[in-house]
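For reference, structure_6.csv is printed below; it contains CSV, C-alpha atoms.
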```csv
chain,number,residue,atom,x,y,z
Z,1,MET,CA,0.0,0.0,0.0
Z,2,SER,CA,2.8,2.2,0.8
Z,3,THR,CA,4.4,1.3,-2.4
Z,4,SER,CA,1.4,2.1,-4.5
Z,5,HIS,CA,0.9,5.3,-2.7
Z,6,ASN,CA,4.3,6.6,-3.2
Z,7,PRO,CA,4.3,6.5,-7.0
Z,8,THR,CA,1.0,8.3,-7.0
Z,9,HIS,CA,2.2,10.9,-4.6
Z,10,HIS,CA,5.4,11.2,-6.6
Z,11,ALA,CA,3.4,11.7,-9.8
Z,12,HIS,CA,1.3,14.3,-8.2
Z,13,ASP,CA,4.3,16.0,-7.0
Z,14,GLU,CA,5.8,16.0,-10.4
Z,15,THR,CA,2.6,17.2,-11.9
Z,16,ASP,CA,2.4,20.0,-9.4
Z,17,HIS,CA,6.1,20.8,-9.8
Z,18,ALA,CA,6.0,21.0,-13.5
Z,19,PRO,CA,3.4,23.8,-13.8
Z,20,HIS,CA,5.1,25.6,-11.0
Z,21,SER,CA,8.3,25.5,-12.8
Z,22,ASP,CA,6.7,26.8,-16.0
Z,23,ASP,CA,5.0,29.7,-14.1
Z,24,ASP,CA,8.2,30.6,-12.5
Z,25,HIS,CA,9.9,30.7,-15.9
Z,26,HIS,CA,7.2,33.0,-17.4
Z,27,HIS,CA,7.2,35.2,-14.4
Z,28,HIS,CA,10.9,35.5,-14.5
Z,29,HIS,CA,10.8,36.5,-18.3
Z,30,HIS,CA,8.1,39.2,-17.8
Z,31,HIS,CA,9.9,41.1,-15.1
Z,32,SER,CA,13.4,41.0,-16.7
Z,33,PRO,CA,14.8,44.7,-17.0
Z,34,THR,CA,15.0,46.5,-20.5
Z,35,PRO,CA,18.4,47.0,-22.0
Z,36,PRO,CA,19.6,50.7,-22.0
Z,37,SER,CA,20.4,50.8,-25.7
Z,38,ALA,CA,16.9,49.7,-26.8
Z,39,SER,CA,15.3,52.4,-24.6
Z,40,LYS,CA,17.5,55.2,-26.1
Z,41,GLY,CA,16.7,54.1,-29.6
Z,42,ALA,CA,12.9,54.2,-29.0
Z,43,TRP,CA,13.1,57.6,-27.5
Z,44,ARG,CA,15.2,58.8,-30.5
Z,45,ARG,CA,12.7,57.5,-33.0
Z,46,ILE,CA,9.9,59.2,-31.1
Z,47,SER,CA,11.8,62.5,-30.9
Z,48,PHE,CA,12.5,62.4,-34.6
Z,49,ALA,CA,8.9,61.7,-35.5
Z,50,LEU,CA,7.8,64.6,-33.3
Z,51,LEU,CA,10.4,66.8,-34.9
Z,52,LEU,CA,9.1,65.9,-38.3
Z,53,VAL,CA,5.5,66.6,-37.3
Z,54,ALA,CA,6.5,70.0,-35.8
Z,55,PHE,CA,8.5,70.8,-39.0
Z,56,ALA,CA,5.5,69.9,-41.1
Z,57,ILE,CA,3.2,72.0,-39.1
Z,58,ALA,CA,5.6,75.0,-39.2
Z,59,ALA,CA,6.0,74.6,-42.9
Z,60,ALA,CA,2.2,74.6,-43.4
Z,61,CYS,CA,1.9,77.7,-41.3
Z,62,LEU,CA,4.8,79.7,-42.8
Z,63,VAL,CA,4.5,81.8,-46.0
Z,64,GLN,CA,7.3,83.6,-47.8
Z,65,VAL,CA,6.6,87.0,-49.4
Z,66,ARG,CA,8.9,87.5,-52.3
Z,67,SER,CA,10.0,90.8,-53.7
Z,68,GLY,CA,7.7,92.1,-56.3
Z,69,GLU,CA,4.8,90.1,-55.0
Z,70,ALA,CA,2.0,90.3,-52.4
Z,71,GLU,CA,0.6,87.3,-50.5
Z,72,VAL,CA,-3.1,87.2,-49.9
Z,73,ILE,CA,-4.2,85.1,-47.0
Z,74,THR,CA,-7.7,83.7,-47.5
Z,75,ARG,CA,-9.8,82.0,-44.9
Z,76,PHE,CA,-12.2,79.6,-46.6
Z,77,GLY,CA,-11.9,81.5,-49.8
Z,78,ASN,CA,-12.4,84.9,-48.3
Z,79,PRO,CA,-9.4,87.3,-48.3
Z,80,VAL,CA,-8.6,88.3,-44.7
Z,81,ARG,CA,-5.0,89.7,-44.9
Z,82,VAL,CA,-2.6,91.0,-47.5
Z,83,LEU,CA,1.2,90.8,-46.9
Z,84,LEU,CA,3.3,93.3,-48.8
Z,85,GLU,CA,6.6,93.3,-47.0
Z,86,PRO,CA,9.1,90.7,-48.3
Z,87,GLY,CA,10.0,88.0,-45.8
Z,88,LEU,CA,8.4,85.2,-43.7
Z,89,ALA,CA,4.9,85.4,-42.2
Z,90,TRP,CA,2.6,83.1,-40.3
Z,91,HIS,CA,-0.9,81.9,-41.0
Z,92,LEU,CA,-3.1,79.0,-40.0
Z,93,PRO,CA,-2.5,75.7,-41.7
Z,94,ALA,CA,-4.6,74.5,-44.5
Z,95,PRO,CA,-7.5,74.1,-44.9
Z,96,PHE,CA,-8.2,76.9,-42.5
Z,97,GLU,CA,-6.1,79.5,-44.3
Z,98,LEU,CA,-4.4,79.5,-47.7
Z,99,SER,CA,-1.9,82.0,-49.2
Z,100,THR,CA,-2.1,83.2,-52.8
Z,101,PRO,CA,0.8,85.2,-54.4
Z,102,VAL,CA,-0.2,88.3,-56.5
Z,103,ASP,CA,2.3,89.6,-59.0
Z,104,LEU,CA,3.0,93.3,-58.5
Z,105,ARG,CA,5.4,93.7,-61.4
Z,106,LEU,CA,4.8,95.9,-64.5
Z,107,ARG,CA,2.8,94.4,-67.3
Z,108,THR,CA,2.1,95.6,-70.9
Z,109,THR,CA,-1.2,95.2,-72.7
Z,110,SER,CA,-2.0,96.3,-76.3
Z,111,SER,CA,-5.5,97.5,-77.3
Z,112,GLY,CA,-5.2,96.0,-80.8
Z,113,LEU,CA,-6.2,98.0,-83.9
Z,114,GLN,CA,-9.3,100.1,-83.2
Z,115,ASP,CA,-11.3,102.0,-85.9
Z,116,VAL,CA,-12.3,105.3,-84.3
Z,117,GLY,CA,-13.7,108.6,-85.5
Z,118,THR,CA,-12.1,112.0,-85.3
Z,119,LYS,CA,-13.7,115.4,-84.5
Z,120,ASP,CA,-13.8,116.3,-88.2
Z,121,GLY,CA,-15.8,113.2,-89.1
Z,122,LEU,CA,-12.9,111.1,-90.5
Z,123,ARG,CA,-11.9,107.6,-89.5
Z,124,ILE,CA,-8.5,106.5,-88.2
Z,125,ILE,CA,-7.1,103.1,-87.2
Z,126,VAL,CA,-5.2,103.5,-83.9
Z,127,GLN,CA,-3.5,101.0,-81.6
Z,128,ALA,CA,-2.5,101.9,-78.0
Z,129,TYR,CA,-0.5,100.2,-75.3
Z,130,VAL,CA,-0.9,100.4,-71.6
Z,131,VAL,CA,1.8,99.7,-69.0
Z,132,TRP,CA,0.1,98.7,-65.7
Z,133,GLN,CA,0.6,96.9,-62.4
Z,134,VAL,CA,-1.4,95.9,-59.4
Z,135,LYS,CA,-1.0,98.7,-57.0
Z,136,SER,CA,1.0,97.8,-53.8
Z,137,ASP,CA,-1.9,98.6,-51.5
Z,138,LYS,CA,-3.9,96.1,-49.4
Z,139,ASP,CA,-7.3,97.3,-50.6
Z,140,ASP,CA,-6.2,97.4,-54.3
Z,141,VAL,CA,-4.7,93.9,-54.1
Z,142,GLN,CA,-8.0,92.6,-52.7
Z,143,HIS,CA,-9.9,94.4,-55.4
Z,144,PHE,CA,-7.7,92.7,-58.0
Z,145,MET,CA,-8.3,89.3,-56.3
Z,146,ARG,CA,-12.1,89.8,-56.3
Z,147,ALA,CA,-12.4,91.3,-59.8
Z,148,VAL,CA,-10.4,88.8,-61.8
Z,149,GLN,CA,-9.5,86.0,-59.3
Z,150,ASN,CA,-5.8,86.8,-59.6
Z,151,GLN,CA,-5.7,86.1,-63.3
Z,152,PRO,CA,-3.5,88.6,-65.2
Z,153,ASP,CA,-4.7,87.4,-68.6
Z,154,GLU,CA,-8.3,88.1,-67.7
Z,155,ALA,CA,-7.3,91.5,-66.4
Z,156,ALA,CA,-5.5,92.2,-69.7
Z,157,ARG,CA,-8.6,91.2,-71.6
Z,158,GLN,CA,-10.8,93.6,-69.7
Z,159,LEU,CA,-8.2,96.3,-69.9
Z,160,ARG,CA,-8.3,96.1,-73.7
Z,161,THR,CA,-12.1,96.7,-73.5
Z,162,PHE,CA,-11.6,99.8,-71.4
Z,163,VAL,CA,-8.8,101.1,-73.7
Z,164,GLY,CA,-10.9,100.5,-76.8
Z,165,SER,CA,-13.8,102.6,-75.4
Z,166,ALA,CA,-11.5,105.3,-74.2
Z,167,LEU,CA,-9.8,105.6,-77.6
Z,168,GLU,CA,-13.2,106.2,-79.3
Z,169,ALA,CA,-14.0,108.9,-76.7
Z,170,THR,CA,-10.6,110.6,-76.9
Z,171,ALA,CA,-10.3,110.6,-80.7
Z,172,SER,CA,-13.6,112.4,-81.0
Z,173,GLY,CA,-12.1,115.4,-79.4
Z,174,TYR,CA,-9.2,115.9,-82.0
Z,175,ASN,CA,-9.2,116.7,-85.7
Z,176,LEU,CA,-7.2,114.5,-88.0
Z,177,SER,CA,-4.7,117.3,-88.7
Z,178,SER,CA,-3.9,117.3,-84.9
Z,179,LEU,CA,-2.8,113.6,-85.2
Z,180,VAL,CA,-1.4,113.3,-88.7
Z,181,ASN,CA,0.4,116.4,-90.1
Z,182,THR,CA,3.6,117.2,-92.0
Z,183,ASP,CA,4.1,120.1,-89.6
Z,184,ALA,CA,5.5,118.5,-86.5
Z,185,SER,CA,4.5,121.6,-84.4
Z,186,LYS,CA,0.8,120.8,-85.1
Z,187,VAL,CA,0.9,117.2,-84.0
Z,188,GLN,CA,-0.7,116.7,-80.6
Z,189,ILE,CA,0.0,113.0,-80.0
Z,190,PRO,CA,1.5,113.6,-76.5
Z,191,LEU,CA,-1.7,115.5,-75.5
Z,192,PHE,CA,-3.8,112.7,-77.0
Z,193,GLU,CA,-1.9,110.1,-74.9
Z,194,ALA,CA,-2.3,112.1,-71.7
Z,195,LYS,CA,-6.0,112.5,-72.4
Z,196,LEU,CA,-6.3,108.7,-73.0
Z,197,ARG,CA,-4.6,107.9,-69.7
Z,198,GLU,CA,-6.8,110.3,-67.9
Z,199,GLN,CA,-9.9,108.5,-69.3
Z,200,ILE,CA,-8.9,105.1,-68.0
Z,201,SER,CA,-6.7,105.6,-64.9
Z,202,GLN,CA,-9.3,106.2,-62.3
Z,203,SER,CA,-11.7,103.6,-63.6
Z,204,LEU,CA,-9.1,100.9,-63.7
Z,205,LEU,CA,-7.9,101.7,-60.2
Z,206,ASP,CA,-11.4,101.7,-58.7
Z,207,THR,CA,-12.6,98.6,-60.5
Z,208,TYR,CA,-9.5,96.4,-60.5
Z,209,GLY,CA,-7.0,97.9,-58.2
Z,210,VAL,CA,-4.7,98.4,-61.2
Z,211,ARG,CA,-2.4,101.4,-61.5
Z,212,VAL,CA,-1.8,102.8,-65.0
Z,213,VAL,CA,1.9,103.6,-65.3
Z,214,GLN,CA,2.1,104.7,-69.0
Z,215,VAL,CA,-0.2,105.0,-72.0
Z,216,GLY,CA,1.2,105.4,-75.6
Z,217,ILE,CA,0.1,105.3,-79.2
Z,218,GLU,CA,1.7,102.2,-80.7
Z,219,ARG,CA,0.4,102.6,-84.3
Z,220,LEU,CA,-1.8,105.0,-86.2
Z,221,THR,CA,-2.9,104.5,-89.8
Z,222,LEU,CA,-5.5,105.8,-92.1
Z,223,PRO,CA,-8.3,103.8,-94.0
Z,224,VAL,CA,-8.4,104.2,-97.8
Z,225,VAL,CA,-11.2,106.8,-97.7
Z,226,THR,CA,-9.6,108.8,-95.0
Z,227,LEU,CA,-6.3,108.6,-96.8
Z,228,SER,CA,-7.8,110.0,-100.0
Z,229,ALA,CA,-9.5,112.8,-98.1
Z,230,THR,CA,-6.2,113.5,-96.2
Z,231,VAL,CA,-4.2,113.7,-99.4
Z,232,ASP,CA,-6.8,116.0,-101.0
Z,233,ARG,CA,-6.7,118.2,-97.9
Z,234,MET,CA,-2.9,118.3,-97.9
Z,235,ARG,CA,-2.8,119.1,-101.6
Z,236,ALA,CA,-5.2,122.0,-101.1
Z,237,GLU,CA,-3.1,123.2,-98.2
Z,238,ARG,CA,0.0,123.0,-100.3
Z,239,GLU,CA,-1.6,124.8,-103.2
Z,240,THR,CA,-2.8,127.5,-100.9
Z,241,ILE,CA,0.6,127.9,-99.4
Z,242,ALA,CA,2.2,127.9,-102.9
Z,243,THR,CA,-0.3,130.6,-104.1
Z,244,GLN,CA,0.5,132.8,-101.1
Z,245,ARG,CA,4.2,132.4,-101.6
Z,246,THR,CA,3.9,133.1,-105.3
Z,247,ALA,CA,2.0,136.2,-104.7
Z,248,GLU,CA,4.5,137.3,-102.0
Z,249,GLY,CA,7.3,136.6,-104.5
Z,250,LYS,CA,5.7,138.6,-107.2
Z,251,ARG,CA,5.1,141.5,-104.8
Z,252,GLN,CA,8.7,141.5,-103.7
Z,253,ALA,CA,9.9,141.2,-107.3
Z,254,ALA,CA,7.7,144.2,-108.3
Z,255,GLN,CA,9.1,146.2,-105.4
Z,256,ILE,CA,12.6,145.3,-106.3
Z,257,THR,CA,12.1,146.1,-110.0
Z,258,SER,CA,10.5,149.4,-109.1
Z,259,GLU,CA,13.4,150.3,-106.8
Z,260,ALA,CA,15.9,149.2,-109.4
Z,261,GLN,CA,14.2,151.2,-112.2
Z,262,LYS,CA,14.0,154.2,-109.9
Z,263,GLU,CA,17.7,153.9,-109.1
Z,264,ALA,CA,18.4,153.4,-112.8
Z,265,ARG,CA,16.6,156.5,-113.8
Z,266,ILE,CA,18.4,158.5,-111.1
Z,267,ILE,CA,21.8,157.1,-112.3
Z,268,THR,CA,20.9,157.7,-116.0
Z,269,ALA,CA,19.8,161.2,-115.3
Z,270,ASP,CA,23.0,161.9,-113.4
Z,271,ALA,CA,25.0,160.3,-116.2
Z,272,THR,CA,23.1,162.3,-118.8
Z,273,VAL,CA,23.9,165.5,-116.9
Z,274,LYS,CA,27.5,164.6,-116.6
Z,275,ALA,CA,27.7,163.6,-120.2
Z,276,ALA,CA,26.0,166.8,-121.3
Z,277,ASN,CA,28.5,168.8,-119.2
Z,278,ILE,CA,31.4,166.8,-120.6
Z,279,GLU,CA,30.0,167.2,-124.2
Z,280,ALA,CA,29.6,170.9,-123.8
Z,281,LYS,CA,33.1,171.3,-122.5
Z,282,SER,CA,34.4,169.2,-125.3
Z,283,LEU,CA,32.5,171.3,-127.9
Z,284,VAL,CA,33.9,174.4,-126.4
Z,285,GLU,CA,37.4,172.9,-126.5
Z,286,ALA,CA,36.9,171.6,-130.0
Z,287,ALA,CA,35.6,175.0,-131.2
Z,288,SER,CA,38.7,176.6,-129.6
Z,289,ILE,CA,40.9,174.1,-131.4
Z,290,TYR,CA,39.1,174.5,-134.6
Z,291,GLY,CA,39.4,178.3,-134.4
Z,292,LYS,CA,43.1,178.1,-133.8
Z,293,ALA,CA,43.5,175.6,-136.6
Z,294,HIS,CA,41.6,177.8,-139.1
Z,295,ALA,CA,43.5,180.8,-138.1
Z,296,GLU,CA,46.8,179.0,-138.7
Z,297,ALA,CA,46.0,177.1,-141.9
Z,298,PRO,CA,42.6,177.8,-143.4
Z,299,GLN,CA,43.0,175.4,-146.4
Z,300,LEU,CA,44.1,172.5,-144.2
Z,301,TYR,CA,41.2,173.2,-141.9
Z,302,ASP,CA,38.7,173.1,-144.7
Z,303,MET,CA,40.2,169.8,-146.0
Z,304,LEU,CA,40.1,168.2,-142.5
Z,305,ARG,CA,36.5,169.4,-141.9
Z,306,SER,CA,35.5,168.0,-145.3
Z,307,LEU,CA,37.0,164.6,-144.4
Z,308,ASP,CA,35.3,164.7,-141.0
Z,309,THR,CA,32.0,165.4,-142.7
Z,310,LEU,CA,32.6,162.4,-145.0
Z,311,SER,CA,33.4,160.1,-142.1
Z,312,GLY,CA,30.3,161.2,-140.3
Z,313,ILE,CA,27.8,160.7,-143.1
Z,314,ILE,CA,29.2,157.7,-144.9
Z,315,ASN,CA,29.6,154.2,-143.6
Z,316,LYS,CA,29.8,150.7,-145.1
Z,317,ASN,CA,26.1,150.6,-145.8
Z,318,THR,CA,25.9,154.1,-147.4
Z,319,HIS,CA,25.5,154.5,-151.2
Z,320,LEU,CA,25.7,158.0,-152.5
Z,321,VAL,CA,25.6,159.3,-156.1
Z,322,LEU,CA,27.1,162.8,-156.1
Z,323,ARG,CA,29.4,164.8,-158.2
Z,324,THR,CA,33.0,164.3,-157.3
Z,325,ASP,CA,34.0,167.8,-158.1
Z,326,ALA,CA,31.7,169.2,-155.5
Z,327,ALA,CA,32.6,169.8,-151.9
Z,328,PRO,CA,33.4,167.9,-149.9
Z,329,PHE,CA,34.1,165.1,-152.5
Z,330,SER,CA,36.4,167.4,-154.4
Z,331,ALA,CA,39.1,166.6,-151.8
Z,332,LEU,CA,39.1,163.0,-153.1
Z,333,ILE,CA,39.8,164.2,-156.7
Z,334,ASP,CA,41.9,167.2,-156.3
Z,335,GLY,CA,43.7,166.3,-153.1
Z,336,PRO,CA,45.4,168.9,-151.0
Z,337,ASN,CA,46.2,171.1,-154.0
Z,338,THR,CA,42.6,172.2,-154.0
Z,339,PHE,CA,43.1,173.7,-150.6
Z,340,LEU,CA,46.7,174.7,-150.7
Z,341,SER,CA,47.1,176.1,-154.3
Z,342,PRO,CA,47.4,179.9,-154.2
Z,343,ASN,CA,45.5,180.2,-157.5
Z,344,THR,CA,42.3,178.6,-156.4
Z,345,PRO,CA,39.4,180.8,-155.5
Z,346,ASN,CA,39.4,179.5,-152.0
Z,347,SER,CA,43.1,180.3,-151.5
Z,348,GLN,CA,42.6,183.8,-152.9
Z,349,GLU,CA,39.7,184.4,-150.7
Z,350,ALA,CA,41.7,183.1,-147.7
Z,351,LYS,CA,44.4,185.7,-148.5
Z,352,LYS,CA,42.0,188.6,-148.6
Z,353,PRO,CA,42.0,190.7,-145.5
```
For this file, write the structure as C-alpha cells.
Amino acid sequence: MSTSHNPTHHAHDETDHAPHSDDDHHHHHHHSPTPPSASKGAWRRISFALLLVAFAIAAACLVQVRSGEAEVITRFGNPVRVLLEPGLAWHLPAPFELSTPVDLRLRTTSSGLQDVGTKDGLRIIVQAYVVWQVKSDKDDVQHFMRAVQNQPDEAARQLRTFVGSALEATASGYNLSSLVNTDASKVQIPLFEAKLREQISQSLLDTYGVRVVQVGIERLTLPVVTLSATVDRMRAERETIATQRTAEGKRQAAQITSEAQKEARIITADATVKAANIEAKSLVEAASIYGKAHAEAPQLYDMLRSLDTLSGIINKNTHLVLRTDAAPFSALIDGPNTFLSPNTPNSQEAKKP
C-alpha cells in the first residue's frame, strides 16, 4: 500500500512541480529589466517623429513673401489679410487659411487695332499700349483678387475693352490734322496720350485695383477713304501755301524792280547831266581848237573838216551818187592842192584881209 501510494504521490508531486516551474519561468521573463540601448533608440525615434511633425506644421503655417509680389491670406476663400513686406509670415495651416501670391510687377497690354472717328468726321485706325501693375496697396490687391480672381490674362482682356472705349471717346475730341500732319509743331500725339490715360486711370484703379503707369500710341494708320481725303486736304493746303508764296514773291519782285528802275533813272539822269557837261566842255574845247587851226591854216582846216564830214555821213552801208568835183568830195579828186594852191578861189579868198 505504501508502495502504491508513493508513486501516485510522486506523480502528483511531479505534476504540481511542472506547472510551478513553468509559471516561474514565465514570471521571470516578464519582469526582466529593458536594456539601456533599446530604450534610447525608441526615444530617439519618437523624438525624430515629433520633430518631423513639428516641422510639417511649421511649414504649413509659414509663408514667404517675395520681392515684387504680395501674399493674400484667404480663410475659406475669403481674403482676410494682405502681406506686402518681403520676408516670412505666419498663417493658420490648410484648410483653415491659404496663401495666394499676387504679382505686383509691371505688365504691358495692347489694345489692338481700333477703328475710331475724329472730331472732323474722318476715320482712323489706332493702336495703343498700356503699362500697368497691381497697386501695392492692401485694398487694391483685394480688389484685384475679387475682380479677376488673380488672373492677369483676364485682367488684360478687360483692360483692352476699357482702352478701346477710351480711344473712341478721346479721338472724338481731336481733328485728324492734330494727329497726322507734315508740320511737327501741329501734331498733338502727347496730349492725346495724356487724355487717354486720364480717361482710363481712375476707372481701372477703382474697379480692378490696377495702377496705369504709362499709355502710348503704338500705331496710327488711315483707312483708304480717310487717306484719300487727307491727301486732297494736304494738296489743297500745299496749293494755298504755294499761291501765297507766289503772290508774295511777285510782290517782292515788283518792289525790287520798281526800286531798281528808280535807281536806274536817277543814275541815268546823273550820267546824262554829266555827259552833257562833258560834251559841252568838249565842244567848247573843240571850237577853240578849230578856231586856232583855221587861223593858222585855213586850207588845211577846210580839208580836214571835209574829211570829218565824209566820215560822219558815210559808212559801209551808205550808197551816194554825187558829183565828185563838189565839196566835200572834191578833196578826193583834187587832193590837198585844191586847198593849198594859191591860184584857187578859196586860196585867194583866204588871203583877202
Please identify all polymer residues within 8 Å of region 122-124 of chain Z, counting all atoms listed in the file, omitting same-chain residues fewer than 6 positions from it, and present them as a PDB file with C-alpha atoms, in the frame of the given file.
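Written file, selection01.pdb:
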```pdb
ATOM      1  CA  ASP Z 115     -11.300 102.000 -85.900  1.00  0.00           C
ATOM      2  CA  VAL Z 116     -12.300 105.300 -84.300  1.00  0.00           C
ATOM      3  CA  LEU Z 176      -7.200 114.500 -88.000  1.00  0.00           C
ATOM      4  CA  LEU Z 220      -1.800 105.000 -86.200  1.00  0.00           C
ATOM      5  CA  THR Z 221      -2.900 104.500 -89.800  1.00  0.00           C
ATOM      6  CA  LEU Z 222      -5.500 105.800 -92.100  1.00  0.00           C
ATOM      7  CA  PRO Z 223      -8.300 103.800 -94.000  1.00  0.00           C
ATOM      8  CA  THR Z 226      -9.600 108.800 -95.000  1.00  0.00           C
TER       9      THR Z 226
END
```
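CA of Gln199 (chain Z) is positioned 17.6 Å from CA of Gly112 (chain Z).
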- Query: From the set Z:Ser110, Z:Gln133, Z:Ser47, Z:Asn317, which residue has the shortest atom-to-atom contact distance to Arg211 (chain Z), counting only C-alpha atoms?
  - Reply: Z:Gln133
- Message: Show me, as a PyMOL selection string, the residues that have an atom within 8 Å of Gln142 (chain Z) when counting only C-alpha atoms, minus same-chain residues fewer than 5 positions from it.
- Response: chain Z and resi 72+79+82+209
Residues within 12 Å of His143 (chain Z), please, as a compact mmCIF listing (two decimals) with C-alpha atoms, keeping the file's coordinate frame. Count all atoms listed in the file; anything in the same chain fewer than 6 positions from it doesn't count.
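Saved the output as part38.txt:
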```txt
# COMPACT_ATOMS: atom_id res chain seq x y z
CA VAL Z 72 -3.10 87.20 -49.90
CA PRO Z 79 -9.40 87.30 -48.30
CA VAL Z 82 -2.60 91.00 -47.50
CA VAL Z 102 -0.20 88.30 -56.50
CA VAL Z 134 -1.40 95.90 -59.40
CA LYS Z 135 -1.00 98.70 -57.00
CA SER Z 136 1.00 97.80 -53.80
CA ASP Z 137 -1.90 98.60 -51.50
CA GLN Z 149 -9.50 86.00 -59.30
CA ASN Z 150 -5.80 86.80 -59.60
CA ALA Z 155 -7.30 91.50 -66.40
CA LEU Z 204 -9.10 100.90 -63.70
CA LEU Z 205 -7.90 101.70 -60.20
CA ASP Z 206 -11.40 101.70 -58.70
CA THR Z 207 -12.60 98.60 -60.50
CA TYR Z 208 -9.50 96.40 -60.50
CA GLY Z 209 -7.00 97.90 -58.20
CA VAL Z 210 -4.70 98.40 -61.20
CA ARG Z 211 -2.40 101.40 -61.50
```
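The environment of Ala166 (chain Z) within 10 Å, counting only C-alpha atoms and disregarding residues fewer than 4 places along the same chain, consists of Arg160, Thr161, Phe162, Thr170, Ala171, Lys195, Leu196, Arg197, Glu198, Gln199 and Ile200 of chain Z.
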Quick one: everything within 7 Å of Glu71 (chain Z), counting all atoms listed in the file, minus sequence neighbours fewer than 3 positions away in the same chain. Send it as a PDB file with C-alpha atoms, in the frame of the given file.
```pdb
ATOM      1  CA  VAL Z  65       6.600  87.000 -49.400  1.00  0.00           C
ATOM      2  CA  VAL Z  82      -2.600  91.000 -47.500  1.00  0.00           C
ATOM      3  CA  LEU Z  83       1.200  90.800 -46.900  1.00  0.00           C
ATOM      4  CA  LEU Z  84       3.300  93.300 -48.800  1.00  0.00           C
ATOM      5  CA  SER Z  99      -1.900  82.000 -49.200  1.00  0.00           C
ATOM      6  CA  THR Z 100      -2.100  83.200 -52.800  1.00  0.00           C
ATOM      7  CA  PRO Z 101       0.800  85.200 -54.400  1.00  0.00           C
ATOM      8  CA  VAL Z 102      -0.200  88.300 -56.500  1.00  0.00           C
TER       9      VAL Z 102
END
```
Is there a way to get, as a short mmCIF file (atom, residue, chain, number, x, y, z; two decimals) with C-alpha atoms, in the frame of the given file, all residues within 6 Å of the point (3.8, 101.7, -67.4) in file coordinates, counting all atoms listed in the file?
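Everything below was put into result22.cif:
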```cif
data_model
loop_
_atom_site.label_atom_id
_atom_site.label_comp_id
_atom_site.auth_asym_id
_atom_site.auth_seq_id
_atom_site.Cartn_x
_atom_site.Cartn_y
_atom_site.Cartn_z
CA VAL Z 131 1.80 99.70 -69.00
CA TRP Z 132 0.10 98.70 -65.70
CA VAL Z 213 1.90 103.60 -65.30
CA GLN Z 214 2.10 104.70 -69.00
#
```
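The two atoms in question, CA of Ile73 (chain Z) and CA of Arg107 (chain Z), are spaced 23.4 Å apart.
Reported to one decimal place, the separation of CA of Phe192 (chain Z) from CA of Gln127 (chain Z) is 12.6 Å.
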